[in-house]
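Enquirer: One structure is given below, represented as structure tokens, and several questions about it will come after.
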Amino acid sequence: MSRIGKKPITIPEGVTITHKPGQITVKGPKGELVQDVSEEIEISIEDGQVEFVRPTEQKKHKAMHGLTRALVANMVEGVVNGYKKELELVGVGYKATAQGQLLELNLGYSHSIFFQVPEEVKVSAATEKGKNPIVTLESNDKQLIGQVAAKIKSLRKVEPYKGKGIRYVGERIRRKAGKTAAK
């Protein structure tokens, strides 16, 4: 039994949820999100709660049940509070500057990398003296912000010997011991 799918979502004040077959729309103070969902999962909105019911106990329906509920819960969270991801650039000479939706990164390559961030994501870059530069991403769409953060992170993966690269703030990196000199 999907425990996630059975749990109802309470609709906060200021949020409206509408659905038609195959699509659900969530509007709130931080914007509007639209998501395609399986038509087989029944969605009922009543008494300030959203509930999801699957038609059968087939494996496909069990999977879609929990997935649909999780996607809608993330949409509600996004339009109420929004999501924020912070990326840290670790390395000598690594820099980040943001002009509008264009992020310029200097990551130790022979050239600068220009990354165009989607309109739905707000980007800012902060550099304090003596600390690593931090790129902050904010959006109401959890899926989009995660995808953008992963793409930026892939521009310079963290290497395990010195720990240089782009990582999430607070992320722990497994370090390896380097070669030891022979006697």
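FYI, nothing fancy with the structure tokens labels: chains A, B, ... in order, residues from 1 per chain, ligands from 1 as they appear.
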Can you pull out the residues contacting stretch 56-67 of chain A? Cut-off 7 Å, using only C-alpha atoms, and skip same-chain residues under 4 positions away; I want them as a list in words.
Expert: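 That gives Ser2, Ile4, Gly5, Ile41, Phe52 and Leu71 of chain A.
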Enquirer: Looking only at the backbone, which of the residues in stretch 19-168 of chain A does DSSP tag as alpha helix (DSSP H), as JSON, numbers by chain?
Expert: {"A": [59, 60, 61, 62, 63, 64, 65, 66, 67, 68, 69, 70, 71, 72, 73, 74, 75, 76, 77, 78, 79, 80, 142, 143, 144, 145, 146, 147, 148, 149, 150, 151, 152, 153, 154]}
Enquirer: Would you work out the distance separating atom CA of A:Thr25 from atom CA of A:Gln143, expressed in Å to one decimal?
Expert: 15.3 Å
Enquirer: Please run DSSP on the backbone and report, as a count of residues only, all residues within stretch 44-140 of chain A that come out as strand (DSSP E or B).
Expert: 41
Enquirer: Tell me, as a ChimeraX atom specification, which residues lie within 9 Å of A:Val169, counting only C-alpha atoms; anything in the same chain fewer than 2 positions away does not count.
Expert: /A:85-88,134,167,171-172
Enquirer: Take the selection from the previous step and output its residues with all heavy atoms, as a PDB file, in the first residue's frame.
Expert:
```
ATOM      1  N   LYS A  85      18.272  26.942  -3.532  1.00  0.00           N
ATOM      2  CA  LYS A  85      19.459  26.085  -3.540  1.00  0.00           C
ATOM      3  C   LYS A  85      20.680  26.981  -3.602  1.00  0.00           C
ATOM      4  O   LYS A  85      20.704  27.973  -4.333  1.00  0.00           O
ATOM      5  CB  LYS A  85      19.452  25.146  -4.748  1.00  0.00           C
ATOM      6  CG  LYS A  85      18.429  24.045  -4.629  1.00  0.00           C
ATOM      7  CD  LYS A  85      18.896  22.808  -5.354  1.00  0.00           C
ATOM      8  CE  LYS A  85      17.845  21.741  -5.270  1.00  0.00           C
ATOM      9  NZ  LYS A  85      18.194  20.625  -4.466  1.00  0.00           N
ATOM     10  N   GLU A  86      21.682  26.618  -2.811  1.00  0.00           N
ATOM     11  CA  GLU A  86      22.924  27.383  -2.802  1.00  0.00           C
ATOM     12  C   GLU A  86      24.068  26.488  -3.246  1.00  0.00           C
ATOM     13  O   GLU A  86      24.235  25.385  -2.727  1.00  0.00           O
ATOM     14  CB  GLU A  86      23.197  27.940  -1.404  1.00  0.00           C
ATOM     15  CG  GLU A  86      22.205  28.994  -0.971  1.00  0.00           C
ATOM     16  CD  GLU A  86      22.518  29.566   0.398  1.00  0.00           C
ATOM     17  OE1 GLU A  86      22.904  28.789   1.295  1.00  0.00           O
ATOM     18  OE2 GLU A  86      22.377  30.784   0.550  1.00  0.00           O
ATOM     19  N   LEU A  87      24.843  26.982  -4.212  1.00  0.00           N
ATOM     20  CA  LEU A  87      25.995  26.258  -4.731  1.00  0.00           C
ATOM     21  C   LEU A  87      27.261  26.997  -4.319  1.00  0.00           C
ATOM     22  O   LEU A  87      27.323  28.230  -4.402  1.00  0.00           O
ATOM     23  CB  LEU A  87      25.922  26.157  -6.254  1.00  0.00           C
ATOM     24  CG  LEU A  87      24.736  25.398  -6.818  1.00  0.00           C
ATOM     25  CD1 LEU A  87      24.567  25.709  -8.296  1.00  0.00           C
ATOM     26  CD2 LEU A  87      24.915  23.920  -6.616  1.00  0.00           C
ATOM     27  N   GLU A  88      28.263  26.240  -3.905  1.00  0.00           N
ATOM     28  CA  GLU A  88      29.525  26.811  -3.443  1.00  0.00           C
ATOM     29  C   GLU A  88      30.614  26.454  -4.454  1.00  0.00           C
ATOM     30  O   GLU A  88      30.714  25.302  -4.868  1.00  0.00           O
ATOM     31  CB  GLU A  88      29.839  26.216  -2.069  1.00  0.00           C
ATOM     32  CG  GLU A  88      31.071  26.733  -1.414  1.00  0.00           C
ATOM     33  CD  GLU A  88      31.277  26.090  -0.041  1.00  0.00           C
ATOM     34  OE1 GLU A  88      30.708  25.018   0.226  1.00  0.00           O
ATOM     35  OE2 GLU A  88      32.037  26.675   0.743  1.00  0.00           O
ATOM     36  N   ILE A 134      29.420  32.005  -3.686  1.00  0.00           N
ATOM     37  CA  ILE A 134      28.186  31.241  -3.539  1.00  0.00           C
ATOM     38  C   ILE A 134      27.178  31.729  -4.587  1.00  0.00           C
ATOM     39  O   ILE A 134      26.946  32.928  -4.721  1.00  0.00           O
ATOM     40  CB  ILE A 134      27.612  31.375  -2.115  1.00  0.00           C
ATOM     41  CG1 ILE A 134      28.546  30.669  -1.146  1.00  0.00           C
ATOM     42  CG2 ILE A 134      26.207  30.815  -2.034  1.00  0.00           C
ATOM     43  CD1 ILE A 134      28.135  30.724   0.287  1.00  0.00           C
ATOM     44  N   ARG A 167      29.834  22.522  -5.508  1.00  0.00           N
ATOM     45  CA  ARG A 167      29.047  21.641  -4.629  1.00  0.00           C
ATOM     46  C   ARG A 167      27.921  22.432  -3.983  1.00  0.00           C
ATOM     47  O   ARG A 167      27.942  23.659  -3.980  1.00  0.00           O
ATOM     48  CB  ARG A 167      29.945  21.028  -3.551  1.00  0.00           C
ATOM     49  CG  ARG A 167      30.525  22.059  -2.605  1.00  0.00           C
ATOM     50  CD  ARG A 167      31.313  21.424  -1.493  1.00  0.00           C
ATOM     51  NE  ARG A 167      32.660  21.158  -1.930  1.00  0.00           N
ATOM     52  CZ  ARG A 167      33.649  20.864  -1.117  1.00  0.00           C
ATOM     53  NH1 ARG A 167      33.434  20.775   0.174  1.00  0.00           N
ATOM     54  NH2 ARG A 167      34.860  20.643  -1.565  1.00  0.00           N
ATOM     55  N   GLU A 171      27.197  20.220   1.545  1.00  0.00           N
ATOM     56  CA  GLU A 171      27.393  18.871   1.008  1.00  0.00           C
ATOM     57  C   GLU A 171      28.740  18.320   1.465  1.00  0.00           C
ATOM     58  O   GLU A 171      29.743  19.023   1.446  1.00  0.00           O
ATOM     59  CB  GLU A 171      27.353  18.923  -0.529  1.00  0.00           C
ATOM     60  CG  GLU A 171      27.532  17.591  -1.192  1.00  0.00           C
ATOM     61  CD  GLU A 171      27.541  17.679  -2.720  1.00  0.00           C
ATOM     62  OE1 GLU A 171      27.478  18.796  -3.260  1.00  0.00           O
ATOM     63  OE2 GLU A 171      27.626  16.624  -3.355  1.00  0.00           O
ATOM     64  N   ARG A 172      28.744  17.045   1.884  1.00  0.00           N
ATOM     65  CA  ARG A 172      29.991  16.412   2.305  1.00  0.00           C
ATOM     66  C   ARG A 172      30.568  15.634   1.131  1.00  0.00           C
ATOM     67  O   ARG A 172      29.860  14.899   0.461  1.00  0.00           O
ATOM     68  CB  ARG A 172      29.749  15.470   3.487  1.00  0.00           C
ATOM     69  CG  ARG A 172      29.269  16.211   4.705  1.00  0.00           C
ATOM     70  CD  ARG A 172      29.025  15.276   5.859  1.00  0.00           C
ATOM     71  NE  ARG A 172      29.522  15.944   7.048  1.00  0.00           N
ATOM     72  CZ  ARG A 172      30.558  15.514   7.767  1.00  0.00           C
ATOM     73  NH1 ARG A 172      31.161  14.404   7.455  1.00  0.00           N
ATOM     74  NH2 ARG A 172      30.955  16.185   8.826  1.00  0.00           N
TER      75      ARG A 172
END
```
Enquirer: Tell me which of A:Arg3, A:Arg54, A:Lys162, A:Lys27 sits closest to A:Glu40, counting only C-alpha atoms.
Expert: A:Arg54
Enquirer: Which residue out of A:Ile45, A:Ile173, A:Leu89, A:Val72 has the minimum interatomic distance to A:Lys131 when only C-alpha atoms are used?
Expert: A:Leu89
Enquirer: Considering only C-alpha atoms, can you say which of A:Leu144, A:Glu159, A:Tyr168, A:His19 comes closest to A:Asn74?
Expert: A:Leu144
Enquirer: Can you list, as a list of chain:residue names, every protein, DNA or RNA residue that comes within 8 Å of A:Arg175 when you count only C-alpha atoms, leaving out same-chain residues fewer than 5 positions away?
Expert: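 With the cut-off at 8 Å, the set is A:Pro160, A:Tyr161, A:Lys162, A:Gly163.
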Enquirer: Excluding A:Ser124 and residues on its chain fewer than 6 positions from it, collect all residues at most 9 Å away from it, counting only C-alpha atoms, and give them as a PyMOL selection string.
Expert: chain A and resi 97-101+103+134-138
Enquirer: Include N, CA, C and O atoms and write out the residues we just selected as a compact mmCIF listing (two decimals), in the first residue's frame.
Expert:
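Result file is part-v3.txt:
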```txt
# COMPACT_ATOMS: atom_id res chain seq x y z
N THR A 97 29.63 35.62 -11.32
CA THR A 97 28.92 36.90 -11.36
C THR A 97 27.61 36.68 -12.11
O THR A 97 27.56 35.92 -13.07
N ALA A 98 26.56 37.36 -11.65
CA ALA A 98 25.25 37.22 -12.29
C ALA A 98 24.78 38.58 -12.77
O ALA A 98 24.74 39.54 -12.00
N GLN A 99 24.45 38.67 -14.07
CA GLN A 99 23.84 39.87 -14.63
C GLN A 99 22.50 39.45 -15.19
O GLN A 99 22.44 38.81 -16.24
N GLY A 100 21.42 39.76 -14.47
CA GLY A 100 20.10 39.33 -14.89
C GLY A 100 19.99 37.82 -14.83
O GLY A 100 20.21 37.22 -13.79
N GLN A 101 19.68 37.19 -15.97
CA GLN A 101 19.55 35.73 -16.01
C GLN A 101 20.80 35.06 -16.57
O GLN A 101 20.81 33.86 -16.80
N LEU A 103 24.60 33.89 -15.98
CA LEU A 103 25.56 33.59 -14.93
C LEU A 103 26.92 33.36 -15.57
O LEU A 103 27.06 32.51 -16.45
N ILE A 134 29.42 32.01 -3.69
CA ILE A 134 28.19 31.24 -3.54
C ILE A 134 27.18 31.73 -4.59
O ILE A 134 26.95 32.93 -4.72
N VAL A 135 26.60 30.77 -5.32
CA VAL A 135 25.55 31.06 -6.29
C VAL A 135 24.23 30.62 -5.66
O VAL A 135 24.10 29.47 -5.23
N THR A 136 23.26 31.52 -5.59
CA THR A 136 21.96 31.21 -4.98
C THR A 136 20.89 31.17 -6.07
O THR A 136 20.77 32.11 -6.86
N LEU A 137 20.13 30.07 -6.09
CA LEU A 137 19.03 29.91 -7.03
C LEU A 137 17.72 29.88 -6.24
O LEU A 137 17.63 29.19 -5.23
N GLU A 138 16.70 30.61 -6.71
CA GLU A 138 15.39 30.62 -6.05
C GLU A 138 14.30 30.46 -7.10
O GLU A 138 14.37 31.08 -8.16
```
Enquirer: Quick one: pull the distance between atom CA of A:Thr127 and atom CA of A:Tyr94, Å, one decimal.
Expert: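 Interatomic distance, atom CA of A:Thr127 to atom CA of A:Tyr94: 10.2 Å.
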Enquirer: What's around stretch 114-119 of chain A at 10 Å? Count only C-alpha atoms, leave out sequence neighbours fewer than 2 positions away in its own chain, and write the answer as a PyMOL selection string.
Expert: chain A and resi 96-98+100-106+111-112+121-123+137+139+144-145+148-149+151-152+155
Enquirer: Output the selection as a PDB file, in the first residue's frame - N, CA and C atoms for each residue.
Expert:
```pdb
ATOM      1  N   ALA A  96      32.128  33.804  -9.671  1.00  0.00           N
ATOM      2  CA  ALA A  96      30.790  33.786 -10.258  1.00  0.00           C
ATOM      3  C   ALA A  96      30.203  35.193 -10.206  1.00  0.00           C
ATOM      4  N   THR A  97      29.634  35.624 -11.320  1.00  0.00           N
ATOM      5  CA  THR A  97      28.923  36.900 -11.358  1.00  0.00           C
ATOM      6  C   THR A  97      27.614  36.682 -12.107  1.00  0.00           C
ATOM      7  N   ALA A  98      26.564  37.359 -11.655  1.00  0.00           N
ATOM      8  CA  ALA A  98      25.248  37.224 -12.285  1.00  0.00           C
ATOM      9  C   ALA A  98      24.777  38.584 -12.767  1.00  0.00           C
ATOM     10  N   GLY A 100      21.424  39.763 -14.473  1.00  0.00           N
ATOM     11  CA  GLY A 100      20.098  39.334 -14.893  1.00  0.00           C
ATOM     12  C   GLY A 100      19.991  37.820 -14.829  1.00  0.00           C
ATOM     13  N   GLN A 101      19.681  37.187 -15.970  1.00  0.00           N
ATOM     14  CA  GLN A 101      19.548  35.731 -16.015  1.00  0.00           C
ATOM     15  C   GLN A 101      20.800  35.058 -16.567  1.00  0.00           C
ATOM     16  N   LEU A 102      21.876  35.826 -16.774  1.00  0.00           N
ATOM     17  CA  LEU A 102      23.123  35.276 -17.303  1.00  0.00           C
ATOM     18  C   LEU A 102      24.130  35.112 -16.169  1.00  0.00           C
ATOM     19  N   LEU A 103      24.598  33.894 -15.981  1.00  0.00           N
ATOM     20  CA  LEU A 103      25.565  33.587 -14.927  1.00  0.00           C
ATOM     21  C   LEU A 103      26.924  33.364 -15.570  1.00  0.00           C
ATOM     22  N   GLU A 104      27.924  34.165 -15.167  1.00  0.00           N
ATOM     23  CA  GLU A 104      29.280  34.003 -15.705  1.00  0.00           C
ATOM     24  C   GLU A 104      30.134  33.305 -14.649  1.00  0.00           C
ATOM     25  N   LEU A 105      30.744  32.183 -15.051  1.00  0.00           N
ATOM     26  CA  LEU A 105      31.540  31.379 -14.128  1.00  0.00           C
ATOM     27  C   LEU A 105      32.975  31.266 -14.617  1.00  0.00           C
ATOM     28  N   ASN A 106      33.928  31.509 -13.725  1.00  0.00           N
ATOM     29  CA  ASN A 106      35.346  31.241 -13.993  1.00  0.00           C
ATOM     30  C   ASN A 106      35.725  30.055 -13.126  1.00  0.00           C
ATOM     31  N   HIS A 111      38.775  29.554 -20.389  1.00  0.00           N
ATOM     32  CA  HIS A 111      37.741  30.486 -20.818  1.00  0.00           C
ATOM     33  C   HIS A 111      36.659  30.599 -19.739  1.00  0.00           C
ATOM     34  N   SER A 112      35.888  31.676 -19.813  1.00  0.00           N
ATOM     35  CA  SER A 112      34.750  31.833 -18.904  1.00  0.00           C
ATOM     36  C   SER A 112      33.570  31.042 -19.449  1.00  0.00           C
ATOM     37  N   VAL A 121      13.649  31.018 -12.720  1.00  0.00           N
ATOM     38  CA  VAL A 121      14.608  30.876 -11.622  1.00  0.00           C
ATOM     39  C   VAL A 121      15.336  32.198 -11.415  1.00  0.00           C
ATOM     40  N   LYS A 122      15.333  32.702 -10.158  1.00  0.00           N
ATOM     41  CA  LYS A 122      16.104  33.906  -9.830  1.00  0.00           C
ATOM     42  C   LYS A 122      17.503  33.476  -9.437  1.00  0.00           C
ATOM     43  N   VAL A 123      18.503  34.128  -9.977  1.00  0.00           N
ATOM     44  CA  VAL A 123      19.887  33.757  -9.675  1.00  0.00           C
ATOM     45  C   VAL A 123      20.622  34.968  -9.108  1.00  0.00           C
ATOM     46  N   LEU A 137      20.129  30.075  -6.085  1.00  0.00           N
ATOM     47  CA  LEU A 137      19.028  29.907  -7.029  1.00  0.00           C
ATOM     48  C   LEU A 137      17.718  29.876  -6.241  1.00  0.00           C
ATOM     49  N   SER A 139      13.309  29.611  -6.788  1.00  0.00           N
ATOM     50  CA  SER A 139      12.198  29.379  -7.705  1.00  0.00           C
ATOM     51  C   SER A 139      11.034  28.761  -6.948  1.00  0.00           C
ATOM     52  N   LEU A 144      12.470  22.203 -11.639  1.00  0.00           N
ATOM     53  CA  LEU A 144      13.290  23.085 -12.473  1.00  0.00           C
ATOM     54  C   LEU A 144      14.534  23.559 -11.728  1.00  0.00           C
ATOM     55  N   ILE A 145      14.380  23.962 -10.472  1.00  0.00           N
ATOM     56  CA  ILE A 145      15.531  24.467  -9.712  1.00  0.00           C
ATOM     57  C   ILE A 145      16.561  23.357  -9.486  1.00  0.00           C
ATOM     58  N   VAL A 148      18.433  22.866 -12.877  1.00  0.00           N
ATOM     59  CA  VAL A 148      19.375  23.963 -13.142  1.00  0.00           C
ATOM     60  C   VAL A 148      20.597  23.835 -12.239  1.00  0.00           C
ATOM     61  N   ALA A 149      20.372  23.538 -10.951  1.00  0.00           N
ATOM     62  CA  ALA A 149      21.485  23.382 -10.010  1.00  0.00           C
ATOM     63  C   ALA A 149      22.396  22.221 -10.427  1.00  0.00           C
ATOM     64  N   LYS A 151      22.824  21.058 -13.450  1.00  0.00           N
ATOM     65  CA  LYS A 151      23.525  21.435 -14.678  1.00  0.00           C
ATOM     66  C   LYS A 151      24.716  22.336 -14.354  1.00  0.00           C
ATOM     67  N   ILE A 152      24.525  23.307 -13.459  1.00  0.00           N
ATOM     68  CA  ILE A 152      25.626  24.187 -13.052  1.00  0.00           C
ATOM     69  C   ILE A 152      26.711  23.366 -12.368  1.00  0.00           C
ATOM     70  N   LEU A 155      29.233  21.489 -14.531  1.00  0.00           N
ATOM     71  CA  LEU A 155      30.246  22.249 -15.270  1.00  0.00           C
ATOM     72  C   LEU A 155      31.645  22.050 -14.677  1.00  0.00           C
TER      73      LEU A 155
END
```
Enquirer: Can you work out the spacing between atom CA of A:Gln23 and atom CA of A:Val37 in Å, to one decimal?
Expert: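 That distance, rounded to one decimal, is 5.4 Å.
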Enquirer: Pick out the closest residue to A:Ile9 from this set: A:Arg69, A:Val53, A:Lys30, A:Ile113. Count only C-alpha atoms.
Expert: A:Arg69
